[in-house]
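For reference, the structure discussed in these notes is given below.
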Protein chains: 2
Amino acid sequence: MTGDMGLPAYLRLRNAFTRAVEDGTWQPDQAIPSEAELAAQYAVAVGTVRKAIDGLVADRTLQRFQGRGTFVRRPEFNSLLRFFRLVGPDGAPATPKSAILAREVLPATARVVEALKLRAGAKVIRLHRLRLVDEAPILHEEIFIPLARFRPLAKMPLAEMGDLLYPLYERICGQIVAHAQETLTIDVADARDAELLATAQNAPIVVIERIASDHQRAPLEWRTTRGKASGFAYKIDIR
Amino acid sequence: MTGDMGLPAYLRLRNAFTRAVEDGTWQPDQAIPSEAELAAQYAVAVGTVRKAIDGLVADRTLQRFQGRGTFVRRPEFNSLLRFFRLVGPDGAPATPKSAILAREVLPATARVVEALKLRAGAKVIRLHRLRLVDEAPILHEEIFIPLARFRPLAKMPLAEMGDLLYPLYERICGQIVAHAQETLTIDVADARDAELLATAQNAPIVVIERIASDHQRAPLEWRTTRGKASGFAYKIDIR
DNA sequence: CAGTGGTCTAGACCACGGG
DNA sequence: CCGTGGTCTAGACCACTGG
């Protein structure tokens with residue numbers, strides 16, 4: 001807090017609050033101290049605290065509720081996935097079911113070492129899973145996570161892993177995914193895609209590569225998702 | 001301004017300012033009145049004017065410059081196009097060159113009528129153009145605009161049309177594009193794609209459909225852009 | 001009801017831009 | 001230099017939530 005001397009007060013507060021979220025002083029889904037308390041604690045006007053919080057609300061770190069308080073937001077990692085036709089029989093958005101096809105522990109290849117910023121020869125867990133909506137395969141994913149951080153997942157019964165990995169990472173391994181970067185490209189179906197996704201070889205395939213990282217920007221997971229391009233539509237509004 | 005009686009003052013101001021932009025009282029690239037002036041004019045505190053402007057800055061309607069003033073922003077419609085490899089020989093982002101392959105005036109088909117919300121039988125101008133970077137064809141576009149609004153473009157020498165259409169729409173036809181909605185999907189190359197883009201038939205193609213509209217949300221243009229998927233990468237950061 | 005965030009005021013002083 | 005937006009204050013009152 002005593003650093004950043006040249007910065008405006010509201011930015012110093014913003015940094016302090018960001019740190020509180022990142023180091024776990026303020027926990028996800030928990031209320032932070034009231035604006036009046038923070039103003040007293042940092043010896044600034046309430047308006048200055050509000051301005052600091054405004055910024056963190058804008059970047060979705062925090063969330064305000066009138067009359068209840070201000071809360072640390074837990075990020076949602078729907079991501080580009082949501083642009084596949086992920087709807088259940090009722091038409092509502094559905095979390096795809098997961099079927100884990102393979103799990104193995106192996107030395108990281110050069111590409112994995114680079115993506116996860118590991119030292120050469122480090123071991124990783126590789127997961128290969130199929131995701132289905134309404135029994136139909138929608139996409140399949142190859143996932144690499146460093147064994148050092150995720151050792152409990154190397155032996156855990158696959159049946160207990162459930163459909164969502166990030167809550168598992170947090171609950172079982174204490175690893176919190178705070179950011180992710182995704183890149184969408186287009187490829188054509190190889191033999192494995194064709195078999196898993198019930199499509200023709202050389203049909204267009206959407207490929208999403210994701211690096212997920214923690215609050216310290218350390219890479220936690222490298223994931224490559226492949227799905228039939230025919231089930232994909234991405235919409236944006238400009239201005 | 002006298003409407004919206006139940007709304008907070010800053011939201012009434014926000015609406016009034018939005019209207020000023022939409023009806024042209026405040027012109028693109030022009031400075032709006034100073035915060036102090038607006039506060040006096042609307043009989044509110046400067047802080048309330050600032051809060052109203054904050055919202056419009058956040059949604060990119062306005063742009064602030066310390067010491068200079070607050071300006072009406074002219075939207076840029078790079079859009080999803082920018083995710084093709086649009087770089088010149090120097091590596092800097094380049095506006096693709098345009099080569100108009102066809103221009104015709106014809107009655108709108110059912111799809112065009114729907115996209116542009118025309119009455120049945122209305123006439124439209126159809127443009128078909130190829131866009132090139134560094135002499136290489138990157139994508140081609142089919143564009144429909146209602147003849148009623150864009151009559152000057154039906155006869156204008158093609159050589160005078162230049163590489164960018166929206167400035168032309170504004171300068172020659174007085175039509176200002178204020179919003180656009182784009183949808184990205186994947187298709188495979190048909191015979192025309194293969195010829196124009198120098199690719200194999202059935203190769204994956206990125207298709208971007210765009211409806212561009214004016215401040216009143218009236219559709220001005222329906223555009224379908226097709227480019228080789230191999231030159232496409234879309235990156236996003238989550239949280 | 002007490003406590004939270006939401007709105008609004010009226011002022012002070014600072015930092016920057018352009019003539 | 002003056003006018004602009006940027007920061008910050010100290011307070012008032014409102015609207016909503018929860019017990």
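Quick note on naming: the chains in the structure tokens go A, B, ... in the order shown, residues restart at 1 in each chain, and ligands are numbered from 1 in order of appearance.
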Item to complete: When you get a sec, could you note down which chain C residues fall within 8 Å of chain B, using only C-alpha atoms (C1' of nucleotides), as a list in words?
Response: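 Residues of chain C within 8 Å of chain B, counting only C-alpha atoms (C1' of nucleotides): DT7, DC8, DT9, DA10, DC16 and DG17 of chain C.
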Fill in: strand (DSSP E) per DSSP on the backbone: members of segment 6-199 of chain B, as a PyMOL selection string
chain B and resi 62-65+69-72+97-107+123-133+136-146+179-188
Create the file for the chosen residues now, containing C-alpha atoms and written as a PDB file, in the first residue's frame.
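Output file selection06.pdb is given in full below:
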```
ATOM      1  CA  LEU B  62     -18.059   9.520 -26.359  1.00  0.00           C
ATOM      2  CA  GLN B  63     -14.355   9.908 -25.780  1.00  0.00           C
ATOM      3  CA  ARG B  64     -12.671  12.175 -23.228  1.00  0.00           C
ATOM      4  CA  PHE B  65      -9.363  14.009 -23.622  1.00  0.00           C
ATOM      5  CA  GLY B  69     -12.727  18.234 -24.122  1.00  0.00           C
ATOM      6  CA  THR B  70     -15.154  15.376 -24.695  1.00  0.00           C
ATOM      7  CA  PHE B  71     -15.787  14.243 -28.261  1.00  0.00           C
ATOM      8  CA  VAL B  72     -18.328  12.186 -30.146  1.00  0.00           C
ATOM      9  CA  LYS B  97      -7.618  -3.097 -51.367  1.00  0.00           C
ATOM     10  CA  SER B  98     -11.043  -3.431 -52.929  1.00  0.00           C
ATOM     11  CA  ALA B  99     -11.790  -4.683 -56.412  1.00  0.00           C
ATOM     12  CA  ILE B 100     -15.453  -4.463 -57.331  1.00  0.00           C
ATOM     13  CA  LEU B 101     -16.326  -7.441 -59.481  1.00  0.00           C
ATOM     14  CA  ALA B 102     -19.980  -6.626 -60.042  1.00  0.00           C
ATOM     15  CA  ARG B 103     -22.607  -3.995 -59.419  1.00  0.00           C
ATOM     16  CA  GLU B 104     -26.235  -4.349 -60.337  1.00  0.00           C
ATOM     17  CA  VAL B 105     -29.642  -3.055 -59.422  1.00  0.00           C
ATOM     18  CA  LEU B 106     -32.226  -5.765 -58.914  1.00  0.00           C
ATOM     19  CA  PRO B 107     -35.397  -6.579 -57.014  1.00  0.00           C
ATOM     20  CA  LYS B 123     -35.047  -2.699 -55.396  1.00  0.00           C
ATOM     21  CA  VAL B 124     -31.531  -3.055 -54.028  1.00  0.00           C
ATOM     22  CA  ILE B 125     -28.010  -2.462 -55.231  1.00  0.00           C
ATOM     23  CA  ARG B 126     -25.849  -5.569 -55.146  1.00  0.00           C
ATOM     24  CA  LEU B 127     -22.087  -5.221 -54.972  1.00  0.00           C
ATOM     25  CA  HIS B 128     -19.670  -8.073 -55.233  1.00  0.00           C
ATOM     26  CA  ARG B 129     -16.120  -7.233 -54.364  1.00  0.00           C
ATOM     27  CA  LEU B 130     -12.813  -8.905 -53.780  1.00  0.00           C
ATOM     28  CA  ARG B 131     -10.465  -7.676 -51.094  1.00  0.00           C
ATOM     29  CA  LEU B 132      -6.741  -8.069 -51.414  1.00  0.00           C
ATOM     30  CA  VAL B 133      -3.722  -7.512 -49.233  1.00  0.00           C
ATOM     31  CA  ALA B 136      -3.272 -11.629 -52.688  1.00  0.00           C
ATOM     32  CA  PRO B 137      -7.046 -12.206 -52.469  1.00  0.00           C
ATOM     33  CA  ILE B 138      -8.061 -12.543 -48.821  1.00  0.00           C
ATOM     34  CA  LEU B 139     -11.837 -12.565 -48.960  1.00  0.00           C
ATOM     35  CA  HIS B 140     -14.817 -11.647 -51.079  1.00  0.00           C
ATOM     36  CA  GLU B 141     -18.033  -9.933 -50.093  1.00  0.00           C
ATOM     37  CA  GLU B 142     -21.564  -9.730 -51.372  1.00  0.00           C
ATOM     38  CA  ILE B 143     -23.269  -6.524 -50.302  1.00  0.00           C
ATOM     39  CA  PHE B 144     -26.912  -5.477 -50.564  1.00  0.00           C
ATOM     40  CA  ILE B 145     -28.090  -1.905 -49.913  1.00  0.00           C
ATOM     41  CA  PRO B 146     -31.560  -0.470 -50.565  1.00  0.00           C
ATOM     42  CA  HIS B 179     -24.268  -0.169 -35.302  1.00  0.00           C
ATOM     43  CA  ALA B 180     -23.644  -3.552 -36.784  1.00  0.00           C
ATOM     44  CA  GLN B 181     -24.319  -7.120 -35.813  1.00  0.00           C
ATOM     45  CA  GLU B 182     -22.084  -9.869 -37.075  1.00  0.00           C
ATOM     46  CA  THR B 183     -22.434 -13.629 -37.043  1.00  0.00           C
ATOM     47  CA  LEU B 184     -19.464 -15.867 -37.751  1.00  0.00           C
ATOM     48  CA  THR B 185     -20.003 -19.370 -39.066  1.00  0.00           C
ATOM     49  CA  ILE B 186     -17.973 -21.925 -40.983  1.00  0.00           C
ATOM     50  CA  ASP B 187     -18.764 -23.320 -44.394  1.00  0.00           C
ATOM     51  CA  VAL B 188     -16.847 -25.101 -47.139  1.00  0.00           C
TER      52      VAL B 188
END
```
Practice prompt. Write down as JSON, numbers by chain the residues belonging to segment 2-226 of chain B that are assigned alpha helix (DSSP H) by DSSP computed on the backbone.
Written response: {"B": [9, 10, 11, 12, 13, 14, 15, 16, 17, 18, 19, 20, 21, 22, 35, 36, 37, 38, 39, 40, 41, 42, 46, 47, 48, 49, 50, 51, 52, 53, 54, 55, 56, 57, 58, 110, 111, 112, 113, 114, 115, 116, 147, 148, 149, 150, 152, 153, 154, 155, 165, 166, 167, 168, 169, 170, 171, 172, 173, 191, 192, 193, 194, 195, 196, 197]}
Worksheet entry | Counting only C-alpha atoms, chain A residues within 9 Å of chain B, as a ChimeraX atom specification | /A:59-61,75-77,79-80,178-188,202-206,229-239
Store the residues picked out above, limited to N, CA and C atoms, as a compact mmCIF listing (two decimals), in the first residue's frame.
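What landed in again04.txt:
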```
# COMPACT_ATOMS: atom_id res chain seq x y z
N ASP A 59 -14.28 -4.34 -14.54
CA ASP A 59 -13.50 -5.46 -15.09
C ASP A 59 -13.93 -6.80 -14.49
N ARG A 60 -15.08 -6.81 -13.82
CA ARG A 60 -15.71 -8.03 -13.34
C ARG A 60 -14.93 -8.74 -12.25
N THR A 61 -14.07 -8.02 -11.54
CA THR A 61 -13.42 -8.61 -10.38
C THR A 61 -14.39 -8.62 -9.19
N PRO A 75 -15.17 -16.06 -11.49
CA PRO A 75 -15.28 -16.01 -12.94
C PRO A 75 -15.94 -17.25 -13.52
N GLU A 76 -16.64 -17.07 -14.62
CA GLU A 76 -17.24 -18.21 -15.32
C GLU A 76 -16.46 -18.44 -16.60
N PHE A 77 -16.16 -19.70 -16.87
CA PHE A 77 -15.32 -19.98 -18.02
C PHE A 77 -16.09 -20.70 -19.13
N SER A 79 -16.73 -19.28 -22.00
CA SER A 79 -15.82 -18.98 -23.09
C SER A 79 -16.44 -19.25 -24.44
N LEU A 80 -15.62 -19.53 -25.39
CA LEU A 80 -16.07 -19.72 -26.77
C LEU A 80 -16.93 -20.98 -26.90
N ALA A 178 -7.91 -18.19 -12.60
CA ALA A 178 -8.33 -16.79 -12.52
C ALA A 178 -8.46 -16.14 -13.88
N HIS A 179 -7.69 -16.61 -14.85
CA HIS A 179 -7.71 -16.04 -16.19
C HIS A 179 -7.58 -17.17 -17.21
N ALA A 180 -7.95 -16.85 -18.43
CA ALA A 180 -7.69 -17.78 -19.51
C ALA A 180 -7.53 -16.99 -20.80
N GLN A 181 -6.74 -17.53 -21.70
CA GLN A 181 -6.66 -16.94 -23.02
C GLN A 181 -7.02 -18.00 -24.04
N GLU A 182 -7.90 -17.64 -24.96
CA GLU A 182 -8.34 -18.61 -25.95
C GLU A 182 -8.04 -18.12 -27.35
N THR A 183 -7.69 -19.05 -28.21
CA THR A 183 -7.50 -18.74 -29.63
C THR A 183 -8.34 -19.71 -30.44
N LEU A 184 -9.18 -19.13 -31.32
CA LEU A 184 -10.04 -19.94 -32.16
C LEU A 184 -9.48 -20.00 -33.57
N THR A 185 -9.29 -21.19 -34.07
CA THR A 185 -8.88 -21.36 -35.47
C THR A 185 -9.74 -22.46 -36.09
N ILE A 186 -9.53 -22.66 -37.38
CA ILE A 186 -10.30 -23.67 -38.11
C ILE A 186 -9.34 -24.69 -38.69
N ASP A 187 -9.73 -25.95 -38.61
CA ASP A 187 -8.92 -27.03 -39.16
C ASP A 187 -9.88 -27.98 -39.90
N VAL A 188 -9.34 -29.08 -40.37
CA VAL A 188 -10.23 -30.09 -40.97
C VAL A 188 -10.14 -31.35 -40.12
N ASN A 202 -11.98 -34.57 -43.10
CA ASN A 202 -11.81 -33.32 -43.86
C ASN A 202 -12.98 -32.35 -43.74
N ALA A 203 -13.98 -32.68 -42.95
CA ALA A 203 -15.03 -31.69 -42.66
C ALA A 203 -14.40 -30.59 -41.80
N PRO A 204 -14.91 -29.37 -41.90
CA PRO A 204 -14.32 -28.29 -41.11
C PRO A 204 -14.51 -28.51 -39.60
N ILE A 205 -13.49 -28.16 -38.85
CA ILE A 205 -13.48 -28.34 -37.40
C ILE A 205 -13.07 -27.01 -36.75
N VAL A 206 -13.79 -26.62 -35.70
CA VAL A 206 -13.39 -25.46 -34.91
C VAL A 206 -12.42 -25.92 -33.83
N ALA A 229 -17.53 -27.78 -37.00
CA ALA A 229 -17.79 -26.38 -37.31
C ALA A 229 -19.24 -26.15 -37.69
N SER A 230 -19.92 -27.19 -38.12
CA SER A 230 -21.31 -27.00 -38.55
C SER A 230 -22.21 -26.63 -37.38
N GLY A 231 -21.79 -26.92 -36.18
CA GLY A 231 -22.60 -26.58 -35.02
C GLY A 231 -22.14 -25.31 -34.32
N PHE A 232 -21.46 -24.44 -35.06
CA PHE A 232 -20.84 -23.30 -34.42
C PHE A 232 -21.33 -21.99 -35.02
N ALA A 233 -21.68 -21.04 -34.17
CA ALA A 233 -22.02 -19.69 -34.64
C ALA A 233 -21.62 -18.69 -33.57
N TYR A 234 -20.88 -17.67 -33.97
CA TYR A 234 -20.39 -16.67 -33.03
C TYR A 234 -20.97 -15.33 -33.40
N LYS A 235 -21.67 -14.72 -32.44
CA LYS A 235 -22.33 -13.44 -32.70
C LYS A 235 -21.70 -12.32 -31.92
N ILE A 236 -21.52 -11.18 -32.57
CA ILE A 236 -21.10 -10.00 -31.81
C ILE A 236 -21.85 -8.77 -32.29
N ASP A 237 -21.98 -7.82 -31.36
CA ASP A 237 -22.51 -6.51 -31.70
C ASP A 237 -21.37 -5.51 -31.72
N ILE A 238 -21.39 -4.64 -32.70
CA ILE A 238 -20.36 -3.61 -32.78
C ILE A 238 -21.00 -2.28 -32.43
N ARG A 239 -20.41 -1.61 -31.47
CA ARG A 239 -20.85 -0.29 -30.98
C ARG A 239 -22.15 -0.38 -30.28
```
Worksheet entry | Surrounding residues of Pro33 of chain A excluding itself and chain neighbours under 4 positions, 12 Å, only C-alpha atoms (C1' of nucleotides), as a ChimeraX atom specification | /A:17,20,25-27,37-42,49,53,64,68-72 /C:3-5
Fill in: Distance-based interface of chain D with chain B, 10 Å, counting only C-alpha atoms (C1' of nucleotides), as an NGL selection string
:D and (3-6)
Fill in: Atomic distance atom CA of Ala191 of chain B - atom CA of Leu81 of chain B, expressed in Å with one decimal
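Spanning atom CA of Ala191 of chain B to atom CA of Leu81 of chain B is a straight-line distance of 22.3 Å.
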Worksheet item: If we count only C-alpha atoms (C1' of nucleotides), what is near Thr109 of chain A at a cut-off of 10 Å, once residues fewer than 4 positions away on the same chain are taken out, given as an MDAnalysis selection string?
Response: chainID A and resid 113:115 120:124
Practice prompt. For DC14 of chain D, list every protein, DNA or RNA residue within 10 Å, evaluated using only C-alpha atoms (C1' of nucleotides), and leave out those in the same chain fewer than 2 positions away; present the list as a list in words.
Written response: DG6 and DT7 of chain C; DA12 and DC16 of chain D
Worksheet item: By how many Å are atom CA of Ala200 of chain B and atom CA of Thr95 of chain B apart?
Response: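 Answer for the atom CA of Ala200 of chain B to atom CA of Thr95 of chain B separation: 25.6 Å.
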Worksheet entry | Point-to-point distance from atom CA of Leu168 of chain B to atom CA of Gly227 of chain B, Å rounded to tenths |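 Computing the Euclidean distance for atom CA of Leu168 of chain B and atom CA of Gly227 of chain B yields 23.6 Å.
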